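What's in my_file34.pdb: PDB, C-alpha atoms and all ligand atoms
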```pdb
ATOM      1  CA  MET Y   1      10.579  92.635  42.002
ATOM      2  CA  LYS Y   2      14.063  91.223  41.482
ATOM      3  CA  ARG Y   3      14.381  87.527  42.177
ATOM      4  CA  VAL Y   4      17.293  85.775  43.946
ATOM      5  CA  TRP Y   5      17.908  82.025  43.771
ATOM      6  CA  VAL Y   6      19.643  80.706  46.902
ATOM      7  CA  MET Y   7      21.015  77.378  45.775
ATOM      8  CA  ARG Y   8      20.766  75.621  49.173
ATOM      9  CA  PRO Y   9      18.224  75.374  52.024
ATOM     10  CA  PHE Y  10      20.809  75.093  54.835
ATOM     11  CA  HIS Y  11      21.720  78.715  55.522
ATOM     12  CA  ASP Y  12      21.053  80.761  58.637
ATOM     13  CA  GLU Y  13      17.619  82.435  58.665
ATOM     14  CA  ALA Y  14      19.427  85.804  58.702
ATOM     15  CA  ILE Y  15      20.643  85.101  55.156
ATOM     16  CA  TYR Y  16      17.157  84.450  53.767
ATOM     17  CA  ASN Y  17      15.530  87.247  55.804
ATOM     18  CA  SER Y  18      18.015  89.829  54.745
ATOM     19  CA  LEU Y  19      17.391  88.984  51.077
ATOM     20  CA  LYS Y  20      13.612  88.919  51.597
ATOM     21  CA  GLU Y  21      13.722  92.577  52.706
ATOM     22  CA  HIS Y  22      14.466  93.587  49.104
ATOM     23  CA  PHE Y  23      13.807  90.649  46.795
ATOM     24  CA  GLU Y  24      11.663  87.688  45.997
ATOM     25  CA  VAL Y  25      13.671  84.705  47.243
ATOM     26  CA  ASP Y  26      13.593  81.286  45.642
ATOM     27  CA  ILE Y  27      15.309  78.599  47.786
ATOM     28  CA  TRP Y  28      16.509  75.307  46.262
ATOM     29  CA  ASP Y  29      15.176  72.671  48.630
ATOM     30  CA  ASP Y  30      17.959  70.079  48.370
ATOM     31  CA  HIS Y  31      21.371  69.841  50.045
ATOM     32  CA  LYS Y  32      22.932  68.525  46.819
ATOM     33  CA  THR Y  33      24.173  70.731  43.991
ATOM     34  CA  PRO Y  34      21.221  71.544  41.654
ATOM     35  CA  PRO Y  35      21.220  69.690  38.311
ATOM     36  CA  HIS Y  36      22.570  71.536  35.284
ATOM     37  CA  ASP Y  37      19.183  71.768  33.511
ATOM     38  CA  VAL Y  38      17.671  73.408  36.603
ATOM     39  CA  VAL Y  39      20.551  75.916  36.769
ATOM     40  CA  MET Y  40      19.928  76.700  33.059
ATOM     41  CA  GLU Y  41      16.222  77.331  33.741
ATOM     42  CA  LYS Y  42      16.847  79.459  36.849
ATOM     43  CA  ALA Y  43      19.237  81.700  34.888
ATOM     44  CA  LYS Y  44      16.225  82.660  32.746
ATOM     45  CA  GLU Y  45      13.954  83.233  35.771
ATOM     46  CA  CYS Y  46      16.206  84.896  38.371
ATOM     47  CA  ASP Y  47      18.290  88.070  38.602
ATOM     48  CA  ALA Y  48      20.836  86.653  41.035
ATOM     49  CA  PHE Y  49      22.263  83.305  42.131
ATOM     50  CA  LEU Y  50      23.730  82.553  45.541
ATOM     51  CA  PRO Y  51      25.704  79.346  44.863
ATOM     52  CA  GLU Y  52      28.226  77.281  46.812
ATOM     53  CA  GLY Y  53      31.758  77.125  45.417
ATOM     54  CA  ILE Y  54      31.150  73.709  43.867
ATOM     55  CA  ASP Y  55      28.032  74.611  41.857
ATOM     56  CA  ILE Y  56      29.046  74.642  38.211
ATOM     57  CA  ILE Y  57      27.936  77.713  36.278
ATOM     58  CA  ASP Y  58      29.365  77.116  32.835
ATOM     59  CA  ALA Y  59      29.223  78.785  29.412
ATOM     60  CA  ALA Y  60      25.968  77.011  28.493
ATOM     61  CA  VAL Y  61      24.225  78.457  31.571
ATOM     62  CA  LEU Y  62      25.699  81.912  31.058
ATOM     63  CA  ASP Y  63      24.993  82.093  27.325
ATOM     64  CA  GLY Y  64      21.335  81.232  27.920
ATOM     65  CA  ALA Y  65      20.992  83.470  31.011
ATOM     66  CA  THR Y  66      18.440  85.961  29.750
ATOM     67  CA  ARG Y  67      17.733  87.396  33.219
ATOM     68  CA  LEU Y  68      20.751  86.694  35.418
ATOM     69  CA  GLU Y  69      22.740  89.794  36.488
ATOM     70  CA  VAL Y  70      24.911  88.647  39.381
ATOM     71  CA  ILE Y  71      26.397  85.475  40.848
ATOM     72  CA  GLY Y  72      27.200  85.960  44.545
ATOM     73  CA  ASN Y  73      29.439  82.945  45.189
ATOM     74  CA  ARG Y  74      29.523  81.877  48.860
ATOM     75  CA  ALA Y  75      33.196  80.988  48.465
ATOM     76  CA  VAL Y  76      36.493  82.689  47.850
ATOM     77  CA  GLY Y  77      37.263  80.166  45.090
ATOM     78  CA  THR Y  78      35.624  80.980  41.754
ATOM     79  CA  ASP Y  79      36.693  77.970  39.675
ATOM     80  CA  ASN Y  80      33.048  76.822  39.573
ATOM     81  CA  VAL Y  81      32.167  79.740  37.283
ATOM     82  CA  ASP Y  82      33.313  80.215  33.690
ATOM     83  CA  ILE Y  83      34.563  83.757  34.308
ATOM     84  CA  PRO Y  84      35.339  84.721  30.680
ATOM     85  CA  SER Y  85      31.788  83.730  29.698
ATOM     86  CA  ALA Y  86      30.314  85.634  32.643
ATOM     87  CA  THR Y  87      32.270  88.731  31.639
ATOM     88  CA  ARG Y  88      31.334  88.385  27.977
ATOM     89  CA  THR Y  89      27.641  88.050  28.827
ATOM     90  CA  GLY Y  90      27.728  90.984  31.265
ATOM     91  CA  ILE Y  91      27.117  88.905  34.387
ATOM     92  CA  LEU Y  92      28.913  90.082  37.510
ATOM     93  CA  LEU Y  93      30.615  87.506  39.761
ATOM     94  CA  THR Y  94      31.422  88.240  43.411
ATOM     95  CA  ASN Y  95      33.172  86.065  46.007
ATOM     96  CA  THR Y  96      33.965  86.068  49.745
ATOM     97  CA  PRO Y  97      37.666  86.729  50.319
ATOM     98  CA  GLY Y  98      39.102  87.858  53.649
ATOM     99  CA  VAL Y  99      36.322  86.728  55.942
ATOM    100  CA  LEU Y 100      37.413  83.066  55.838
ATOM    101  CA  GLN Y 101      41.182  83.400  56.155
ATOM    102  CA  ASP Y 102      41.561  82.619  59.843
ATOM    103  CA  ALA Y 103      39.103  79.722  59.763
ATOM    104  CA  CYS Y 104      41.000  78.195  56.829
ATOM    105  CA  ALA Y 105      44.346  78.698  58.567
ATOM    106  CA  ASP Y 106      43.027  77.043  61.744
ATOM    107  CA  MET Y 107      41.817  74.076  59.710
ATOM    108  CA  THR Y 108      45.165  73.840  57.934
ATOM    109  CA  PHE Y 109      46.816  73.424  61.307
ATOM    110  CA  ALA Y 110      44.185  70.895  62.379
ATOM    111  CA  LEU Y 111      45.118  68.829  59.310
ATOM    112  CA  LEU Y 112      48.854  69.406  59.690
ATOM    113  CA  LEU Y 113      48.867  68.250  63.313
ATOM    114  CA  ASP Y 114      46.495  65.404  62.583
ATOM    115  CA  ALA Y 115      48.750  64.023  59.883
ATOM    116  CA  ALA Y 116      51.844  64.616  62.021
ATOM    117  CA  ARG Y 117      50.485  62.899  65.147
ATOM    118  CA  GLN Y 118      47.983  60.511  63.519
ATOM    119  CA  VAL Y 119      44.960  61.723  65.472
ATOM    120  CA  ALA Y 120      42.274  60.375  63.117
ATOM    121  CA  TYR Y 121      44.273  57.159  62.619
ATOM    122  CA  GLY Y 122      44.379  56.589  66.386
ATOM    123  CA  ASP Y 123      40.651  57.219  66.635
ATOM    124  CA  ARG Y 124      39.940  54.839  63.712
ATOM    125  CA  SER Y 125      42.088  52.169  65.390
ATOM    126  CA  ILE Y 126      40.243  52.425  68.707
ATOM    127  CA  ARG Y 127      36.846  52.195  67.025
ATOM    128  CA  ALA Y 128      38.088  49.140  65.109
ATOM    129  CA  GLY Y 129      38.871  47.471  68.479
ATOM    130  CA  LYS Y 130      42.657  47.640  68.077
ATOM    131  CA  TRP Y 131      43.534  49.296  71.435
ATOM    132  CA  VAL Y 132      43.853  46.157  73.505
ATOM    133  CA  PHE Y 133      47.250  46.769  75.157
ATOM    134  CA  PHE Y 134      49.697  49.645  75.640
ATOM    135  CA  ASP Y 135      51.794  49.986  72.495
ATOM    136  CA  GLN Y 136      52.561  53.406  71.073
ATOM    137  CA  THR Y 137      54.679  52.170  68.215
ATOM    138  CA  PRO Y 138      51.954  52.056  65.500
ATOM    139  CA  TYR Y 139      51.070  55.654  66.366
ATOM    140  CA  LEU Y 140      54.481  57.307  66.501
ATOM    141  CA  GLY Y 141      54.223  60.831  65.192
ATOM    142  CA  LEU Y 142      56.370  63.293  63.318
ATOM    143  CA  ASP Y 143      57.287  66.563  65.005
ATOM    144  CA  ALA Y 144      55.978  69.871  63.773
ATOM    145  CA  TYR Y 145      58.172  72.146  65.899
ATOM    146  CA  GLY Y 146      61.518  72.993  64.386
ATOM    147  CA  LYS Y 147      60.465  71.683  60.941
ATOM    148  CA  THR Y 148      60.165  73.530  57.642
ATOM    149  CA  LEU Y 149      56.704  74.389  56.360
ATOM    150  CA  GLY Y 150      56.486  75.178  52.643
ATOM    151  CA  ILE Y 151      53.459  77.290  51.754
ATOM    152  CA  PHE Y 152      52.396  77.449  48.100
ATOM    153  CA  GLY Y 153      50.174  80.499  47.584
ATOM    154  CA  PHE Y 154      50.950  83.363  49.958
ATOM    155  CA  GLY Y 155      47.674  85.295  49.937
ATOM    156  CA  GLY Y 156      45.568  85.961  53.005
ATOM    157  CA  ILE Y 157      45.161  82.283  53.956
ATOM    158  CA  GLY Y 158      48.795  81.328  53.337
ATOM    159  CA  GLN Y 159      49.972  84.296  55.413
ATOM    160  CA  ARG Y 160      47.763  83.308  58.337
ATOM    161  CA  VAL Y 161      49.086  79.755  58.146
ATOM    162  CA  ALA Y 162      52.609  81.232  58.369
ATOM    163  CA  LYS Y 163      51.589  83.227  61.443
ATOM    164  CA  ARG Y 164      50.378  80.084  63.185
ATOM    165  CA  ALA Y 165      53.534  78.221  62.138
ATOM    166  CA  SER Y 166      55.712  80.759  63.945
ATOM    167  CA  GLY Y 167      53.949  79.784  67.183
ATOM    168  CA  PHE Y 168      55.003  76.201  66.518
ATOM    169  CA  ASP Y 169      58.638  77.257  66.027
ATOM    170  CA  MET Y 170      58.527  76.202  62.403
ATOM    171  CA  ARG Y 171      60.659  77.662  59.639
ATOM    172  CA  VAL Y 172      58.402  79.029  56.893
ATOM    173  CA  ILE Y 173      59.274  79.155  53.219
ATOM    174  CA  TYR Y 174      56.812  80.177  50.537
ATOM    175  CA  HIS Y 175      56.284  80.397  46.816
ATOM    176  CA  SER Y 176      53.609  82.580  45.252
ATOM    177  CA  ARG Y 177      52.783  84.317  41.977
ATOM    178  CA  SER Y 178      54.578  87.392  43.319
ATOM    179  CA  ARG Y 179      57.329  87.749  45.905
ATOM    180  CA  LYS Y 180      56.247  89.647  49.058
ATOM    181  CA  ILE Y 181      59.491  91.059  50.410
ATOM    182  CA  ASP Y 182      57.789  93.234  53.039
ATOM    183  CA  LEU Y 183      56.146  90.151  54.565
ATOM    184  CA  GLU Y 184      59.359  88.151  54.530
ATOM    185  CA  GLU Y 185      60.789  90.377  57.236
ATOM    186  CA  SER Y 186      57.641  90.925  59.280
ATOM    187  CA  MET Y 187      56.594  87.261  59.190
ATOM    188  CA  GLY Y 188      60.011  85.637  59.100
ATOM    189  CA  ALA Y 189      59.105  83.841  55.868
ATOM    190  CA  GLU Y 190      61.711  82.936  53.248
ATOM    191  CA  TRP Y 191      61.165  83.017  49.497
ATOM    192  CA  ALA Y 192      61.467  79.762  47.554
ATOM    193  CA  PRO Y 193      62.227  80.720  43.932
ATOM    194  CA  SER Y 194      60.182  77.845  42.457
ATOM    195  CA  LEU Y 195      57.728  75.103  43.343
ATOM    196  CA  ALA Y 196      60.581  72.595  42.982
ATOM    197  CA  ASP Y 197      62.692  74.507  45.531
ATOM    198  CA  LEU Y 198      59.757  74.578  47.914
ATOM    199  CA  LEU Y 199      59.045  70.861  47.559
ATOM    200  CA  GLN Y 200      62.653  69.805  48.024
ATOM    201  CA  ALA Y 201      63.221  71.867  51.176
ATOM    202  CA  SER Y 202      59.958  71.278  53.070
ATOM    203  CA  ASP Y 203      58.956  68.821  55.778
ATOM    204  CA  TYR Y 204      55.369  69.968  55.340
ATOM    205  CA  VAL Y 205      53.950  71.282  52.057
ATOM    206  CA  SER Y 206      50.654  73.160  52.242
ATOM    207  CA  LEU Y 207      48.720  74.396  49.186
ATOM    208  CA  HIS Y 208      46.741  77.649  49.352
ATOM    209  CA  CYS Y 209      46.413  78.635  45.694
ATOM    210  CA  PRO Y 210      43.359  79.010  43.469
ATOM    211  CA  LEU Y 211      42.549  76.385  40.836
ATOM    212  CA  THR Y 212      43.457  77.968  37.496
ATOM    213  CA  ASP Y 213      44.845  76.742  34.183
ATOM    214  CA  ALA Y 214      48.313  77.339  35.678
ATOM    215  CA  THR Y 215      47.739  75.240  38.812
ATOM    216  CA  ARG Y 216      45.521  72.442  37.450
ATOM    217  CA  LYS Y 217      47.203  69.074  38.234
ATOM    218  CA  MET Y 218      50.294  71.016  39.311
ATOM    219  CA  MET Y 219      51.151  68.292  41.842
ATOM    220  CA  GLY Y 220      51.860  65.102  39.883
ATOM    221  CA  ALA Y 221      54.219  62.125  40.144
ATOM    222  CA  GLU Y 222      57.248  64.278  39.277
ATOM    223  CA  GLN Y 223      56.444  66.806  42.009
ATOM    224  CA  PHE Y 224      55.762  64.185  44.694
ATOM    225  CA  ALA Y 225      59.113  62.585  43.801
ATOM    226  CA  MET Y 226      60.816  65.922  44.601
ATOM    227  CA  MET Y 227      59.485  65.880  48.168
ATOM    228  CA  LYS Y 228      61.284  64.319  51.135
ATOM    229  CA  SER Y 229      60.228  60.752  51.875
ATOM    230  CA  THR Y 230      59.409  61.953  55.410
ATOM    231  CA  ALA Y 231      57.268  64.851  54.195
ATOM    232  CA  ILE Y 232      53.586  65.528  54.783
ATOM    233  CA  PHE Y 233      51.417  66.998  52.010
ATOM    234  CA  ILE Y 234      48.424  69.183  52.885
ATOM    235  CA  ASN Y 235      45.827  70.337  50.355
ATOM    236  CA  MET Y 236      43.412  73.053  51.442
ATOM    237  CA  ALA Y 237      43.142  74.534  47.926
ATOM    238  CA  ARG Y 238      41.173  72.502  45.373
ATOM    239  CA  GLY Y 239      41.254  68.812  44.467
ATOM    240  CA  GLY Y 240      41.954  69.712  40.840
ATOM    241  CA  VAL Y 241      45.384  71.127  41.760
ATOM    242  CA  VAL Y 242      46.515  67.555  42.407
ATOM    243  CA  ASP Y 243      46.789  64.539  40.126
ATOM    244  CA  GLN Y 244      44.925  62.319  42.573
ATOM    245  CA  PRO Y 245      46.093  58.925  41.228
ATOM    246  CA  ALA Y 246      49.683  60.247  41.521
ATOM    247  CA  LEU Y 247      49.033  61.208  45.145
ATOM    248  CA  TYR Y 248      47.723  57.704  45.797
ATOM    249  CA  GLU Y 249      50.868  56.151  44.277
ATOM    250  CA  ALA Y 250      53.135  58.516  46.238
ATOM    251  CA  LEU Y 251      51.447  57.569  49.517
ATOM    252  CA  LYS Y 252      51.221  53.864  48.752
ATOM    253  CA  ASN Y 253      54.869  53.621  47.691
ATOM    254  CA  LYS Y 254      55.983  55.885  50.589
ATOM    255  CA  THR Y 255      57.475  58.423  48.172
ATOM    256  CA  ILE Y 256      56.045  60.817  50.772
ATOM    257  CA  ALA Y 257      55.080  59.917  54.331
ATOM    258  CA  ARG Y 258      51.543  61.202  54.733
ATOM    259  CA  ALA Y 259      48.887  63.538  53.413
ATOM    260  CA  ALA Y 260      45.998  65.492  54.848
ATOM    261  CA  ILE Y 261      43.521  66.800  52.290
ATOM    262  CA  ASP Y 262      40.317  68.810  52.660
ATOM    263  CA  VAL Y 263      39.511  68.741  48.944
ATOM    264  CA  THR Y 264      39.350  65.945  46.380
ATOM    265  CA  ASP Y 265      38.660  65.475  42.692
ATOM    266  CA  PRO Y 266      35.793  64.753  42.292
ATOM    267  CA  GLU Y 267      33.834  65.838  45.341
ATOM    268  CA  PRO Y 268      32.446  64.022  47.188
ATOM    269  CA  ILE Y 269      35.221  61.441  46.854
ATOM    270  CA  PRO Y 270      33.693  58.141  45.607
ATOM    271  CA  MET Y 271      33.868  55.313  48.162
ATOM    272  CA  SER Y 272      35.704  53.289  45.492
ATOM    273  CA  ASP Y 273      38.623  55.769  45.387
ATOM    274  CA  PRO Y 274      41.840  53.886  46.316
ATOM    275  CA  LEU Y 275      42.954  56.772  48.566
ATOM    276  CA  LEU Y 276      40.334  55.555  51.051
ATOM    277  CA  THR Y 277      42.205  52.260  51.446
ATOM    278  CA  LEU Y 278      45.334  53.993  52.793
ATOM    279  CA  ASP Y 279      46.099  54.631  56.461
ATOM    280  CA  ASN Y 280      48.603  57.418  55.774
ATOM    281  CA  VAL Y 281      46.050  59.917  54.512
ATOM    282  CA  VAL Y 282      43.367  61.829  56.355
ATOM    283  CA  ILE Y 283      40.537  63.336  54.312
ATOM    284  CA  THR Y 284      37.950  65.902  55.402
ATOM    285  CA  PRO Y 285      34.822  66.853  53.381
ATOM    286  CA  HIS Y 286      35.801  70.324  52.049
ATOM    287  CA  VAL Y 287      35.226  72.129  55.330
ATOM    288  CA  GLY Y 288      38.299  74.390  55.460
ATOM    289  CA  SER Y 289      36.336  77.579  56.002
ATOM    290  CA  ALA Y 290      33.443  75.948  57.803
ATOM    291  CA  SER Y 291      33.519  77.228  61.362
ATOM    292  CA  GLU Y 292      30.000  78.182  62.481
ATOM    293  CA  ALA Y 293      30.796  81.895  62.490
ATOM    294  CA  THR Y 294      32.664  81.918  59.180
ATOM    295  CA  PHE Y 295      30.015  79.844  57.408
ATOM    296  CA  LYS Y 296      27.439  82.480  58.358
ATOM    297  CA  ASN Y 297      29.696  85.460  57.653
ATOM    298  CA  MET Y 298      30.465  84.166  54.153
ATOM    299  CA  GLY Y 299      26.718  83.881  53.506
ATOM    300  CA  LEU Y 300      26.110  87.409  54.764
ATOM    301  CA  MET Y 301      28.916  88.717  52.572
ATOM    302  CA  ALA Y 302      27.392  87.014  49.531
ATOM    303  CA  VAL Y 303      24.045  88.608  50.436
ATOM    304  CA  ARG Y 304      25.642  92.064  50.728
ATOM    305  CA  ASN Y 305      27.291  91.618  47.338
ATOM    306  CA  ILE Y 306      24.046  90.523  45.667
ATOM    307  CA  THR Y 307      22.023  93.282  47.321
ATOM    308  CA  ALA Y 308      24.498  95.945  46.221
ATOM    309  CA  ALA Y 309      24.661  94.622  42.669
ATOM    310  CA  LEU Y 310      20.871  94.469  42.266
ATOM    311  CA  THR Y 311      20.198  97.866  43.833
ATOM    312  CA  GLY Y 312      22.794  99.809  41.870
ATOM    313  CA  ASP Y 313      25.530 100.013  44.527
ATOM    314  CA  ALA Y 314      29.103  98.769  44.193
ATOM    315  CA  PRO Y 315      29.563  95.251  45.599
ATOM    316  CA  GLU Y 316      32.412  94.793  48.134
ATOM    317  CA  THR Y 317      34.261  92.070  46.300
ATOM    318  CA  PRO Y 318      33.603  91.908  42.551
ATOM    319  CA  VAL Y 319      35.683  89.363  40.655
ATOM    320  CA  ASN Y 320      34.980  90.616  37.120
ATOM    321  CA  PRO Y 321      33.858  94.271  37.430
ATOM    322  CA  GLU Y 322      34.608  94.697  33.722
ATOM    323  CA  ALA Y 323      31.479  92.608  33.042
ATOM    324  CA  LEU Y 324      29.349  95.682  33.711
ATOM    325  CA  GLN Y 325      30.615  97.268  30.491
ATOM    326  CA  ASN Y 326      29.081  94.380  28.544
ATOM    327  CA  ARG Y 327      25.555  94.818  29.885
TER
HETATM  328  C1  LIG I 401      36.013  78.576  49.306
HETATM  329  O1  LIG I 401      35.598  79.568  49.897
HETATM  330  O2  LIG I 401      36.501  78.636  48.179
HETATM  331  C2  LIG I 401      35.863  77.274  49.997
HETATM  332  O3  LIG I 401      36.703  76.307  49.471
HETATM  333  C3  LIG I 401      34.425  76.813  49.920
HETATM  334  O4  LIG I 401      34.099  76.488  48.600
END
```
Would you mind writing the file out in structure tokens?
Amino acid sequence: MKRVWVMRPFHDEAIYNSLKEHFEVDIWDDHKTPPHDVVMEKAKECDAFLPEGIDIIDAAVLDGATRLEVIGNRAVGTDNVDIPSATRTGILLTNTPGVLQDACADMTFALLLDAARQVAYGDRSIRAGKWVFFDQTPYLGLDAYGKTLGIFGFGGIGQRVAKRASGFDMRVIYHSRSRKIDLEESMGAEWAPSLADLLQASDYVSLHCPLTDATRKMMGAEQFAMMKSTAIFINMARGGVVDQPALYEALKNKTIARAAIDVTDPEPIPMSDPLLTLDNVVITPHVGSASEATFKNMGLMAVRNITAALTGDAPETPVNPEALQNR
């Protein structure tokens, strides 16, 4: 019987039960990412992995993976897997696009409005005993309506962020790997020819791109200096897209006004990270897609992908279908 390793014990019973109908299921009994040596061992014992998007599956794991056939990532991001090595070793990778777009766009707006109106800051102040008389001045917000939102990465998530922005009467500009002229008209979004153009023109900058060699540390000191001093920076993509010490400097020196980030580098963010000393940043623990329904639906999609791959059907969302030729 084929064997599937689910790399966390916190999923809905439906996820485990649906796998158990066809496979032997091995569940990692710890909420933390499994250690590398365990991942190496499991790749020799199991036919499929169901990892989270932060579980590193590198060349060493893949090269030694005598049994592994498919990695069903429960994430749209695939930067945790060495894709060229997976392809070379004939191991199929699947991900969970589409199903999480609206949840991620909702969370982007939660962060955008939080940073604009200092929701978490107000809450932190009250809990610290600072609300002892009526004085709004430490909490004055920045408006969202009528402002320009710059979206970097105009895939499914970026487009849904733009849709929400229109309800807030925001002007939307975007930059992406490819220009999407059809969407410009239907969504009222304007093309920014470069990242620099986007940064210079935006009151809010929101990242929705994958972490790749092209985007790694794309936002550094030079890029923050291009932004307006009143601007708010939102990162819903990956921590690695940002040079985190440069973000700290930009916030500390008020090069930009505020930031709201759902992802950090590394994750979890160490308590010693200087970003945690700043009041003009709000940080959430990589929960962009994590509504109850979407969390479960991503798991079910990963299960469908794994089941298809191990039973000879075509998975819904293969990332490297060319791997099958190297089996
Ligand atoms: C994703 O789906 O990529 C989310 O960031 C969770 O890892």
Given the PyMOL selection byres (((chain Y and resi 1) around 7) and not hetatm), the residues it picks as a PyMOL selection string: chain Y and resi 2-3+23-24
Once you have the residues from the selection above, write them out as an mmCIF file, keeping the file's coordinate frame, restricted to C-alpha atoms.
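Printed below is out_29.cif as written:
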```cif
data_model
loop_
_atom_site.group_PDB
_atom_site.id
_atom_site.type_symbol
_atom_site.label_atom_id
_atom_site.label_comp_id
_atom_site.auth_asym_id
_atom_site.auth_seq_id
_atom_site.Cartn_x
_atom_site.Cartn_y
_atom_site.Cartn_z
ATOM 1 C CA LYS Y 2 14.063 91.223 41.482
ATOM 2 C CA ARG Y 3 14.381 87.527 42.177
ATOM 3 C CA PHE Y 23 13.807 90.649 46.795
ATOM 4 C CA GLU Y 24 11.663 87.688 45.997
#
```
Among the residues Y:Ser229, Y:Ser176, Y:Thr94, Y:Thr215, the one that comes closest to ligand LIG 401 (chain I) [using all atoms listed in the file]: Y:Thr94
Y:Arg127, Y:His11, Y:Arg171, Y:Lys44 ranked by distance to Asp29 (chain Y), top pick (using only C-alpha atoms):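 Closest candidate: Y:His11.
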The PyMOL selection byres (((not hetatm)) within 7 of (chain I and resi 401)) resolved against shown file, as a PyMOL selection string: chain Y and resi 52-54+74-78+96+237+286+288-289
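Among the candidate residues Y:Ala250, Y:Val319, Y:Ala48, Y:Asp182, the one lying nearest to Leu19 (chain Y) is Y:Ala48, with distances computed using all atoms listed in the file.
In this structure, CA of Ala246 (chain Y) sits 22.1 Å away from CA of Gln118 (chain Y).
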Picked residues, the PyMOL selection byres (((chain Y and resi 296-306) around 6) and not hetatm), expected as a ChimeraX atom specification: /Y:15,72,74,96,293-295,307-309,315
Atomic separation - CA of Asn17 (chain Y) relative to CA of Thr66 (chain Y), Å: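 Distance reported for this atom pair: 26.2 Å.
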Proximity to Thr89 (chain Y) - best of Y:Glu45, Y:Asp169, Y:Tyr248, Y:Leu68, all atoms listed in the file: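 Looking only at the distances to Thr89 (chain Y), the closest residue turns out to be Y:Leu68.
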Nearest candidate to Arg8 (chain Y) (options Y:Ala128, Y:Ala115, Y:Leu93, Y:Ile27; using all atoms listed in the file): Y:Ile27
Close residues, Leu207 (chain Y) itself excluded, 9 Å, all atoms listed in the file, min 6 positions apart in chain, as a count of residues only: 12
At most 12 Å is the cut-off: for each residue in region 172-232 of chain Y with any atom that close to an atom of region 258-277 of chain Y, write down the nearest atom pair and the distance in Å rounded to one decimal, counting only C-alpha atoms, chain first then increasing number, as CSV.
```
residue,atom,partner,partner_atom,distance
Y:Asp203,CA,Y:Arg258,CA,10.7
Y:Tyr204,CA,Y:Ala259,CA,9.3
Y:Val205,CA,Y:Ala259,CA,9.4
Y:Ser206,CA,Y:Ala260,CA,9.3
Y:Leu207,CA,Y:Ile261,CA,9.7
Y:His208,CA,Y:Asp262,CA,11.4
Y:Leu211,CA,Y:Val263,CA,11.5
Y:Arg216,CA,Y:Asp265,CA,11.1
Y:Lys217,CA,Y:Asp265,CA,10.3
Y:Phe224,CA,Y:Ala259,CA,11.1
Y:Met227,CA,Y:Arg258,CA,11.3
Y:Lys228,CA,Y:Arg258,CA,10.8
Y:Ser229,CA,Y:Arg258,CA,9.2
Y:Thr230,CA,Y:Arg258,CA,7.9
Y:Ala231,CA,Y:Arg258,CA,6.8
Y:Ile232,CA,Y:Arg258,CA,4.8
```
Within 7 Å of file point (20.6, 79.6, 32.8), counting only C-alpha atoms, expressed as a list in words: Val39, Met40, Glu41, Lys42, Ala43, Lys44, Val61, Leu62, Gly64 and Ala65 of chain Y
Between CA of Leu149 (chain Y) and CA of Asp102 (chain Y), distance in Å (one decimal):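 Rounded to one decimal, the two atoms are 17.6 Å apart.
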